[in-house]
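Listing of protein_28.cif; format and content: mmCIF, C-alpha atoms and all ligand atoms.
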data_work
#
loop_
_atom_site.label_atom_id
_atom_site.label_comp_id
_atom_site.auth_asym_id
_atom_site.auth_seq_id
_atom_site.Cartn_x
_atom_site.Cartn_y
_atom_site.Cartn_z
CA MET C 1 0.00 0.00 0.00
CA LEU C 2 1.40 3.39 -1.04
CA SER C 3 -0.04 6.55 0.46
CA VAL C 4 0.99 9.93 -0.94
CA ASP C 5 -0.06 13.32 0.41
CA ILE C 6 2.44 15.97 -0.65
CA GLN C 7 2.88 19.56 -1.77
CA LYS C 8 5.77 21.09 -3.68
CA ARG C 9 6.40 24.43 -5.31
CA LEU C 10 8.75 24.65 -8.32
CA GLY C 11 8.95 28.26 -9.53
CA ASP C 12 5.40 29.12 -10.63
CA PHE C 13 4.33 25.49 -10.54
CA GLN C 14 2.42 24.24 -7.49
CA LEU C 15 2.03 20.50 -6.92
CA GLN C 16 -0.60 19.13 -4.56
CA VAL C 17 -1.09 15.37 -4.76
CA GLN C 18 -3.07 12.97 -2.63
CA PHE C 19 -3.75 9.30 -3.39
CA GLU C 20 -3.55 5.79 -1.99
CA THR C 21 -2.96 2.65 -3.98
CA GLY C 22 -2.76 -1.06 -3.19
CA SER C 23 -1.57 -4.07 -5.14
CA SER C 24 -3.15 -3.40 -8.54
CA PRO C 25 -1.43 -0.93 -10.92
CA LEU C 26 -2.56 2.69 -10.61
CA ALA C 27 -2.57 4.96 -13.67
CA LEU C 28 -1.50 8.54 -13.00
CA LEU C 29 -3.17 10.23 -15.96
CA GLY C 30 -2.63 13.85 -16.93
CA ALA C 31 -1.78 16.24 -19.75
CA SER C 32 1.80 17.22 -20.54
CA GLY C 33 3.34 19.43 -17.84
CA CYS C 34 0.68 18.72 -15.19
CA GLY C 35 3.21 17.30 -12.69
CA LYS C 36 3.23 13.53 -13.21
CA SER C 37 7.02 13.15 -13.33
CA VAL C 38 7.52 15.55 -10.42
CA THR C 39 5.17 13.34 -8.37
CA LEU C 40 7.14 10.19 -9.21
CA ARG C 41 10.43 11.91 -8.45
CA CYS C 42 9.09 12.91 -5.02
CA ILE C 43 8.02 9.30 -4.31
CA ALA C 44 11.38 7.94 -5.48
CA GLY C 45 13.25 10.44 -3.27
CA ILE C 46 14.94 12.34 -6.11
CA LEU C 47 12.96 15.50 -5.32
CA ARG C 48 12.04 16.65 -1.82
CA PRO C 49 8.41 17.75 -1.28
CA ASP C 50 7.94 20.98 0.72
CA GLU C 51 5.30 19.38 2.91
CA GLY C 52 3.44 16.14 3.48
CA LYS C 53 3.90 12.42 3.91
CA ILE C 54 4.74 9.40 1.78
CA ILE C 55 4.16 5.98 3.35
CA LEU C 56 4.90 2.62 1.69
CA ASN C 57 3.64 -0.56 3.36
CA GLY C 58 3.67 1.14 6.76
CA ARG C 59 7.22 2.56 6.31
CA THR C 60 7.47 6.34 6.30
CA LEU C 61 9.56 7.37 3.29
CA PHE C 62 8.95 11.07 3.83
CA ASP C 63 7.33 13.11 6.57
CA SER C 64 8.01 16.85 6.66
CA ALA C 65 6.61 17.25 10.20
CA GLY C 66 8.63 14.28 11.53
CA HIS C 67 11.78 15.34 9.60
CA ILE C 68 11.97 11.96 7.85
CA ASP C 69 13.37 11.84 4.32
CA LEU C 70 14.78 8.44 3.36
CA PRO C 71 17.40 8.54 0.58
CA PRO C 72 16.34 6.91 -2.73
CA GLN C 73 18.42 3.75 -2.13
CA ARG C 74 16.60 3.05 1.15
CA ARG C 75 13.07 3.57 -0.17
CA LYS C 76 12.70 0.20 -1.99
CA VAL C 77 11.10 2.03 -4.88
CA GLY C 78 12.03 1.08 -8.46
CA TYR C 79 11.78 3.85 -11.06
CA LEU C 80 11.49 2.96 -14.76
CA PHE C 81 12.36 6.06 -16.79
CA GLN C 82 11.15 6.97 -20.26
CA GLN C 83 14.58 6.14 -21.68
CA TYR C 84 15.29 3.09 -19.52
CA ALA C 85 18.66 4.58 -18.34
CA LEU C 86 20.71 1.39 -18.72
CA PHE C 87 24.48 1.54 -18.19
CA PRO C 88 25.84 1.56 -21.78
CA ASN C 89 29.19 -0.02 -20.93
CA MET C 90 27.74 -2.93 -19.01
CA THR C 91 26.25 -6.11 -20.43
CA VAL C 92 22.61 -7.02 -19.89
CA ARG C 93 23.70 -9.43 -17.12
CA GLN C 94 25.82 -6.76 -15.40
CA ASN C 95 23.03 -4.17 -15.68
CA ILE C 96 20.69 -6.52 -13.81
CA ALA C 97 23.29 -7.80 -11.31
CA VAL C 98 24.40 -4.32 -10.25
CA ALA C 99 21.10 -3.66 -8.47
CA ALA C 100 20.74 -7.11 -6.85
CA GLN C 101 21.31 -7.72 -3.16
CA LYS C 102 24.85 -8.83 -2.30
CA GLY C 103 25.00 -12.55 -1.50
CA ARG C 104 22.07 -13.40 -3.80
CA ARG C 105 23.38 -11.56 -6.84
CA LYS C 106 24.13 -14.57 -9.05
CA GLU C 107 20.88 -16.45 -8.43
CA THR C 108 18.67 -13.34 -8.67
CA THR C 109 20.29 -12.31 -11.97
CA ALA C 110 20.02 -15.81 -13.47
CA GLU C 111 16.36 -16.04 -12.45
CA LEU C 112 15.50 -12.62 -13.93
CA LEU C 113 17.39 -13.32 -17.17
CA ARG C 114 15.30 -16.48 -17.51
CA ARG C 115 12.00 -14.84 -16.55
CA PHE C 116 12.43 -11.97 -18.97
CA HIS C 117 13.75 -14.16 -21.83
CA LEU C 118 17.09 -12.38 -21.86
CA GLU C 119 19.46 -15.36 -21.56
CA ASP C 120 20.48 -15.22 -25.25
CA VAL C 121 21.49 -11.56 -25.01
CA ALA C 122 22.91 -11.68 -21.46
CA GLU C 123 26.44 -10.79 -22.64
CA HIS C 124 25.30 -8.04 -25.07
CA ARG C 125 25.48 -4.33 -24.31
CA PRO C 126 22.29 -2.16 -24.41
CA SER C 127 23.23 -0.73 -27.83
CA GLN C 128 23.30 -4.27 -29.26
CA ILE C 129 19.76 -5.25 -28.24
CA SER C 130 16.27 -4.22 -29.36
CA GLY C 131 13.99 -1.65 -27.70
CA GLY C 132 11.90 -4.43 -26.24
CA GLN C 133 14.93 -6.21 -24.82
CA GLN C 134 16.16 -2.91 -23.36
CA GLN C 135 12.82 -2.40 -21.65
CA ARG C 136 12.86 -5.93 -20.23
CA THR C 137 16.45 -5.43 -19.02
CA ALA C 138 15.46 -2.17 -17.31
CA LEU C 139 12.50 -3.84 -15.64
CA ALA C 140 14.60 -6.86 -14.62
CA ARG C 141 17.16 -4.47 -13.13
CA ILE C 142 14.45 -2.76 -11.10
CA LEU C 143 13.06 -6.08 -9.87
CA SER C 144 16.56 -7.32 -8.96
CA SER C 145 16.67 -4.65 -6.25
CA GLU C 146 13.53 -6.29 -4.73
CA PRO C 147 11.43 -3.10 -4.61
CA GLU C 148 8.15 -2.75 -2.75
CA ALA C 149 6.82 -0.34 -5.38
CA ILE C 150 7.52 0.28 -9.06
CA LEU C 151 7.07 3.66 -10.73
CA LEU C 152 6.82 3.72 -14.52
CA ASP C 153 7.26 7.08 -16.22
CA GLU C 154 5.67 6.85 -19.68
CA PRO C 155 7.66 3.66 -20.32
CA LEU C 156 6.37 3.27 -23.89
CA SER C 157 6.52 6.84 -25.13
CA ALA C 158 9.69 6.42 -27.21
CA LEU C 159 8.41 3.46 -29.23
CA ASP C 160 6.55 3.02 -32.51
CA LEU C 161 2.95 1.78 -32.41
CA TYR C 162 3.67 -1.90 -33.14
CA LEU C 163 6.45 -2.27 -30.57
CA ARG C 164 4.45 -0.18 -28.16
CA ARG C 165 1.53 -2.62 -28.15
CA GLN C 166 3.86 -5.60 -27.80
CA LEU C 167 5.82 -4.10 -24.91
CA GLU C 168 2.71 -2.80 -23.24
CA GLU C 169 1.49 -6.39 -23.02
CA GLU C 170 4.83 -7.62 -21.67
CA LEU C 171 4.88 -4.87 -19.10
CA ARG C 172 1.34 -5.70 -18.05
CA CYS C 173 2.30 -9.37 -17.50
CA ALA C 174 5.40 -8.38 -15.53
CA LEU C 175 3.38 -6.06 -13.29
CA THR C 176 0.72 -8.70 -12.71
CA ALA C 177 3.44 -11.13 -11.64
CA PHE C 178 4.99 -8.41 -9.43
CA SER C 179 1.62 -8.04 -7.64
CA ALA C 180 2.81 -5.18 -5.43
CA THR C 181 2.30 -1.44 -5.71
CA SER C 182 2.93 0.15 -9.09
CA VAL C 183 2.18 3.58 -10.48
CA TRP C 184 2.06 3.94 -14.27
CA VAL C 185 2.35 7.52 -15.54
CA THR C 186 0.78 8.17 -18.91
CA HIS C 187 -1.22 10.69 -20.89
CA ASP C 188 -2.69 7.91 -23.02
CA GLN C 189 -6.12 6.85 -21.77
CA GLY C 190 -6.02 3.64 -23.81
CA GLU C 191 -2.76 2.55 -22.22
CA ALA C 192 -4.12 3.43 -18.76
CA CYS C 193 -7.36 1.56 -19.36
CA ARG C 194 -5.72 -1.62 -20.65
CA SER C 195 -3.10 -1.84 -17.90
CA CYS C 196 -4.58 -0.39 -14.71
CA ARG C 197 -7.77 -0.93 -12.70
CA GLN C 198 -7.46 2.36 -10.79
CA VAL C 199 -6.80 5.87 -12.04
CA CYS C 200 -5.74 9.11 -10.42
CA VAL C 201 -6.38 12.12 -12.64
CA MET C 202 -3.94 15.00 -12.45
CA GLU C 203 -4.87 18.52 -13.54
CA SER C 204 -2.47 21.50 -13.34
CA GLY C 205 -0.43 20.03 -10.49
CA ALA C 206 -3.41 18.78 -8.49
CA ALA C 207 -4.58 15.20 -7.94
CA PHE C 208 -7.04 14.11 -5.30
CA GLY C 209 -7.62 10.40 -4.95
CA ALA C 210 -7.85 7.32 -7.14
CA ARG C 211 -11.03 5.95 -8.74
CA PRO C 212 -11.91 2.65 -10.39
CA MET C 213 -11.14 2.91 -14.11
CA GLU C 214 -14.71 2.03 -15.29
CA GLU C 215 -16.14 4.76 -13.06
CA PHE C 216 -13.74 7.33 -14.54
CA PHE C 217 -14.87 6.54 -18.10
CA ALA C 218 -18.57 6.38 -17.16
CA ASP C 219 -18.47 9.69 -15.27
CA PRO C 220 -15.28 11.74 -15.77
CA VAL C 221 -16.88 14.60 -13.71
CA SER C 222 -14.81 17.53 -15.09
CA VAL C 223 -14.28 18.79 -18.63
CA SER C 224 -10.51 18.30 -18.42
CA ALA C 225 -10.91 14.74 -17.08
CA ALA C 226 -13.39 14.00 -19.88
CA ARG C 227 -10.82 15.25 -22.38
CA LEU C 228 -8.16 13.00 -20.77
CA SER C 229 -10.59 10.08 -20.96
CA GLY C 230 -10.71 10.57 -24.74
CA CYS C 231 -14.14 12.26 -24.99
CA GLU C 232 -14.07 14.04 -28.36
CA ASN C 233 -17.26 16.15 -28.18
CA LEU C 234 -17.52 18.80 -25.46
CA VAL C 235 -19.97 21.70 -25.40
CA GLY C 236 -21.48 24.09 -22.84
CA ALA C 237 -24.72 22.85 -21.24
CA VAL C 238 -27.41 23.85 -18.75
CA PRO C 239 -28.98 21.21 -16.43
CA ARG C 240 -32.79 20.96 -16.50
CA GLY C 241 -33.67 18.02 -14.24
CA THR C 242 -33.29 14.82 -16.28
CA GLU C 243 -32.64 16.91 -19.38
CA VAL C 244 -29.69 19.03 -20.44
CA GLU C 245 -30.04 22.01 -22.67
CA ILE C 246 -27.23 22.77 -25.12
CA PRO C 247 -27.87 26.42 -26.07
CA LEU C 248 -25.01 26.54 -28.61
CA TRP C 249 -26.49 23.60 -30.56
CA GLY C 250 -30.11 24.68 -29.98
CA ILE C 251 -31.08 21.21 -28.69
CA THR C 252 -32.04 19.46 -25.45
CA LEU C 253 -31.02 15.87 -24.63
CA ARG C 254 -32.55 13.50 -22.10
CA ARG C 255 -30.38 11.80 -19.49
CA ALA C 256 -30.89 8.52 -17.65
CA ALA C 257 -30.52 10.36 -14.30
CA PRO C 258 -30.94 13.99 -13.21
CA ALA C 259 -27.96 16.21 -14.08
CA ALA C 260 -25.99 17.67 -11.15
CA PRO C 261 -26.88 21.35 -10.55
CA GLU C 262 -23.17 22.28 -11.01
CA THR C 263 -23.22 20.99 -14.61
CA THR C 264 -21.68 23.45 -17.07
CA ALA C 265 -20.84 21.18 -20.01
CA LEU C 266 -21.85 18.08 -21.88
CA GLY C 267 -19.64 15.30 -23.26
CA LEU C 268 -20.52 12.89 -26.06
CA ARG C 269 -18.12 10.10 -26.99
CA MET C 270 -17.82 9.33 -30.72
CA GLN C 271 -18.43 5.62 -30.11
CA HIS C 272 -21.76 6.41 -28.43
CA LEU C 273 -23.14 8.41 -31.36
CA ARG C 274 -25.44 6.53 -33.73
CA LEU C 275 -26.96 7.35 -37.10
CA ALA C 276 -30.71 7.64 -36.48
CA ARG C 277 -34.05 8.30 -38.11
CA GLU C 278 -35.90 11.56 -37.53
CA GLY C 279 -38.04 11.47 -34.38
CA VAL C 280 -35.96 8.88 -32.49
CA GLU C 281 -35.33 9.82 -28.83
CA ASN C 282 -32.30 12.10 -28.36
CA SER C 283 -31.80 12.51 -32.10
CA PHE C 284 -30.92 15.75 -33.84
CA ALA C 285 -30.25 16.80 -37.40
CA CYS C 286 -26.73 17.69 -38.55
CA SER C 287 -25.08 18.68 -41.80
CA VAL C 288 -21.79 17.07 -42.78
CA VAL C 289 -19.05 19.73 -42.82
CA GLN C 290 -16.26 17.34 -43.71
CA SER C 291 -15.62 13.64 -44.18
CA ALA C 292 -11.96 12.74 -43.55
CA PRO C 293 -10.81 9.25 -44.51
CA GLU C 294 -9.32 7.04 -41.79
CA ALA C 295 -7.86 3.60 -42.56
CA PHE C 296 -11.13 1.68 -42.12
CA SER C 297 -13.78 4.36 -41.59
CA ASP C 298 -14.45 8.06 -42.20
CA LEU C 299 -14.21 10.73 -39.53
CA LEU C 300 -17.21 13.02 -39.94
CA THR C 301 -17.26 16.63 -38.75
CA LEU C 302 -20.89 17.64 -38.21
CA ARG C 303 -22.74 20.87 -37.52
CA PRO C 304 -26.06 20.49 -35.68
CA LEU C 305 -28.62 22.23 -37.90
CA SER C 306 -29.72 24.67 -35.19
CA ALA C 307 -26.15 25.41 -34.00
CA ALA C 308 -24.88 28.95 -33.44
CA PRO C 309 -22.01 30.00 -35.76
CA GLU C 310 -19.47 29.89 -32.88
CA ALA C 311 -20.63 26.47 -31.60
CA PRO C 312 -18.12 23.63 -31.43
CA LEU C 313 -18.62 21.03 -34.17
CA LEU C 314 -19.42 17.39 -33.52
CA HIS C 315 -17.22 14.44 -34.50
CA MET C 316 -18.26 10.88 -35.19
CA GLU C 317 -16.99 7.84 -37.04
CA ALA C 318 -18.98 6.47 -39.98
CA GLU C 319 -18.86 3.79 -42.63
CA LYS C 320 -16.24 4.50 -45.27
CA GLY C 321 -17.37 6.43 -48.34
CA ARG C 322 -21.01 6.79 -47.25
CA TRP C 323 -21.16 10.51 -46.46
CA ALA C 324 -19.84 13.66 -48.11
CA ALA C 325 -19.74 17.36 -47.20
CA GLY C 326 -23.20 18.95 -47.49
CA ASP C 327 -25.18 15.74 -46.68
CA LEU C 328 -27.86 15.87 -44.01
CA LEU C 329 -28.14 13.14 -41.38
CA TYR C 330 -29.66 12.45 -37.95
CA VAL C 331 -27.50 11.52 -34.97
CA SER C 332 -28.72 10.05 -31.68
CA VAL C 333 -27.23 9.20 -28.32
CA ALA C 334 -28.68 6.93 -25.61
CA PRO C 335 -29.69 8.81 -22.42
CA GLU C 336 -27.17 6.80 -20.35
CA HIS C 337 -24.35 8.07 -22.57
CA VAL C 338 -25.06 11.78 -22.12
CA LEU C 339 -22.14 12.84 -19.89
CA THR C 340 -22.68 15.92 -17.73
CA LEU C 341 -19.54 17.75 -16.60
CA ARG C 342 -18.42 20.75 -14.62
N1 LIG B 1 13.43 21.12 -11.51
C1 LIG B 1 12.43 21.92 -11.86
N2 LIG B 1 12.46 23.26 -11.63
C2 LIG B 1 11.42 24.06 -11.96
N3 LIG B 1 10.30 23.61 -12.54
C3 LIG B 1 10.22 22.31 -12.82
C4 LIG B 1 11.26 21.38 -12.50
N4 LIG B 1 10.88 20.15 -12.88
C5 LIG B 1 9.64 20.29 -13.41
N5 LIG B 1 9.25 21.57 -13.38
C6 LIG B 1 7.95 22.10 -13.86
O1 LIG B 1 6.93 21.36 -13.21
C7 LIG B 1 5.84 21.17 -14.10
C8 LIG B 1 5.48 19.70 -14.14
O2 LIG B 1 6.50 18.98 -14.81
P1 LIG B 1 6.43 17.40 -15.01
O3 LIG B 1 7.70 16.97 -15.70
O4 LIG B 1 6.10 16.73 -13.74
O5 LIG B 1 5.18 17.25 -16.01
P2 LIG B 1 4.58 15.91 -16.63
O6 LIG B 1 3.15 15.89 -16.25
O7 LIG B 1 5.41 14.73 -16.26
O8 LIG B 1 4.72 16.23 -18.19
P3 LIG B 1 5.06 15.28 -19.45
O9 LIG B 1 3.84 14.42 -19.67
O10 LIG B 1 5.25 16.26 -20.56
O11 LIG B 1 6.29 14.50 -19.12
C9 LIG B 1 6.24 21.76 -15.43
O12 LIG B 1 5.65 23.03 -15.53
C10 LIG B 1 7.74 21.85 -15.34
O13 LIG B 1 8.21 22.93 -16.11
#

What's the structure tokens form of this structure?
Amino acid sequence: MLSVDIQKRLGDFQLQVQFETGSSPLALLGASGCGKSVTLRCIAGILRPDEGKIILNGRTLFDSAGHIDLPPQRRKVGYLFQQYALFPNMTVRQNIAVAAQKGRRKETTAELLRRFHLEDVAEHRPSQISGGQQQRTALARILSSEPEAILLDEPLSALDLYLRRQLEEELRCALTAFSATSVWVTHDQGEACRSCRQVCVMESGAAFGARPMEEFFADPVSVSAARLSGCENLVGAVPRGTEVEIPLWGITLRRAAPAAPETTALGLRMQHLRLAREGVENSFACSVVQSAPEAFSDLLTLRPLSAAPEAPLLHMEAEKGRWAAGDLLYVSVAPEHVLTLR
């Protein structure tokens, strides 16, 4: 169990982070520059928070009031950087062995080389192995130090899409086998969703608590969290009981439950929009502004017919080649998929 409650000021940037996480991976999700790496560096002991506490499995790693600040090497926290940070002049075996406990070094290294399928490249240097092998070596090196928590800082960001998917799966398996605390920093909601059951959303230096991943997608709560969750269509809205009025689009949509009085915006996910017939519940007419070809579908940009000139346009995916600019169509959304946000 990792419990973090810290504050840190860096120039104009103010960090205030609070979350707890147990044995399933936690995604720390936030836009670029929101403070994800600073948070990990504070947990790892590379940066010192101004105030607060960090507790791992009952051990206090940092406590400003109690003047406790364990050095990184005593925290039992493994930190996987974006660029793996392997020692270039050491072999794969040496890179892993260097972090292992004295006395068990040989056995631990042999076991990790086997587990991560690195035996064939054990005597190679990092420059002589693939990106995937480098990642596995970095992870094996972290595990060789027998950490109680692993922090992953956008571990896949430097890779192309194919390798990324492959390594993401490997990393997921390794973390499942690790079955202790891990925090996975990303700004990719897909990566977060596939690999973690809990998510802590970070916005402009602030993060308050973790939520189950399904809950986050079903009800992102704020506009910025909805954006991070991949919601493509966001527009100002006014709550009216179980309906929401969208003045900029000149329409009203029904919701499955009453909208919170603090609602200021509405979110519609592309995958929840359907082509509909006139008169169907929650349907509205749109004109096609643009149809942009994707590999296996078209991305339609739509303008609701009663929209104000400054209104945001709507995006949805459609069958390839079916629609062109100027066409008129009806779009509908089920009441349970009308997201209200503040
Ligand atoms: N050592 C430092 N001194 C001053 N400001 C810093 C320092 N390190 C980070 N910052 C600032 O803190 C903010 C958060 O940076 P951080 O690297 O944590 O963002 P991030 O969410 O990890 O972004 P990205 O996804 O782009 O990696 C940024 O505004 C950054 O400029």

Please extract the residues at most 9 Å from ligand LIG 1 (chain B), counting all atoms listed in the file, and provide them as a VMD selection string, using the chain letters and residue numbers of this document. chain C and resid 9 to 15 29 to 41 47 153 to 154 185 to 187 202 to 205

Students should find that CA of Ser3 in chain C and CA of Glu20 in chain C are spaced 4.3 Å

Do a neighbour search on range 133-146 of chain C at 7 Å with only C-alpha atoms, toss out local chain neighbours closer than 4 positions, and write the hits as a VMD selection string. chain C and resid 78 80 84 86 92 95 to 96 99 to 101 108 to 109 112 116 126 129

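The coordinates place CA of Ser179 in chain C at 11.2 Å from CA of Met1 in chain C.
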
Please indicate the distance in Å from CA of Val331 in chain C to CA of Pro309 in chain C, rounded to one decimal place.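 Value for the CA of Val331 in chain C-CA of Pro309 in chain C distance: 19.3 Å.
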
Name the closest residue to Ser306 in chain C among the candidates C:Leu159, C:Ile246, C:Ala85, C:Ala226; distances are taken between atoms, counting only C-alpha atoms.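 When distances to Ser306 in chain C are compared using only C-alpha atoms, the smallest one comes from C:Ile246.
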
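By chain and then residue number, the residues within 12 Å of Ser222 in chain C are Val201, Met202, Glu203, Phe216, Phe217, Arg227, Leu228, Ser229, Cys231, Leu234, Ala260, Glu262, Thr263, Thr264, Ala265, Leu266, Gly267, Leu339, Thr340, Leu341 and Arg342 of chain C, counting only C-alpha atoms and disregarding those fewer than 5 positions away in sequence.
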
Which is closest to Met270 in chain C among C:Ala285, C:Val98, C:Met316, C:Leu300, if we use all atoms listed in the file?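 Closest residue, counting all atoms listed in the file: C:Met316.
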
Tell me which of C:Cys286, C:Leu329, C:Leu161, C:Val235 sits closest to Leu248 in chain C, counting all atoms listed in the file.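 Of C:Cys286, C:Leu329, C:Leu161, C:Val235, the one nearest Leu248 in chain C is C:Val235, counting all atoms listed in the file.
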
Considering only C-alpha atoms, state which residue in the set C:Ala192, C:Ile150, C:Val288, C:Leu26 is at the smallest distance from Ala174 in chain C.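 For Ala174 in chain C, the nearest of the candidates is C:Ile150.
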
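For the set C:Cys193, C:Leu152, C:Ala237, C:Ile54, the residue with the smallest atom-to-atom gap to Gln18 in chain C is C:Ile54, counting all atoms listed in the file.
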
Counting all atoms listed in the file, figure out which residue out of C:Gln290, C:Ser195, C:Thr181, C:Ser224 gets nearest to Gly22 in chain C.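 Ranked by minimum distance to Gly22 in chain C, first place goes to C:Thr181.
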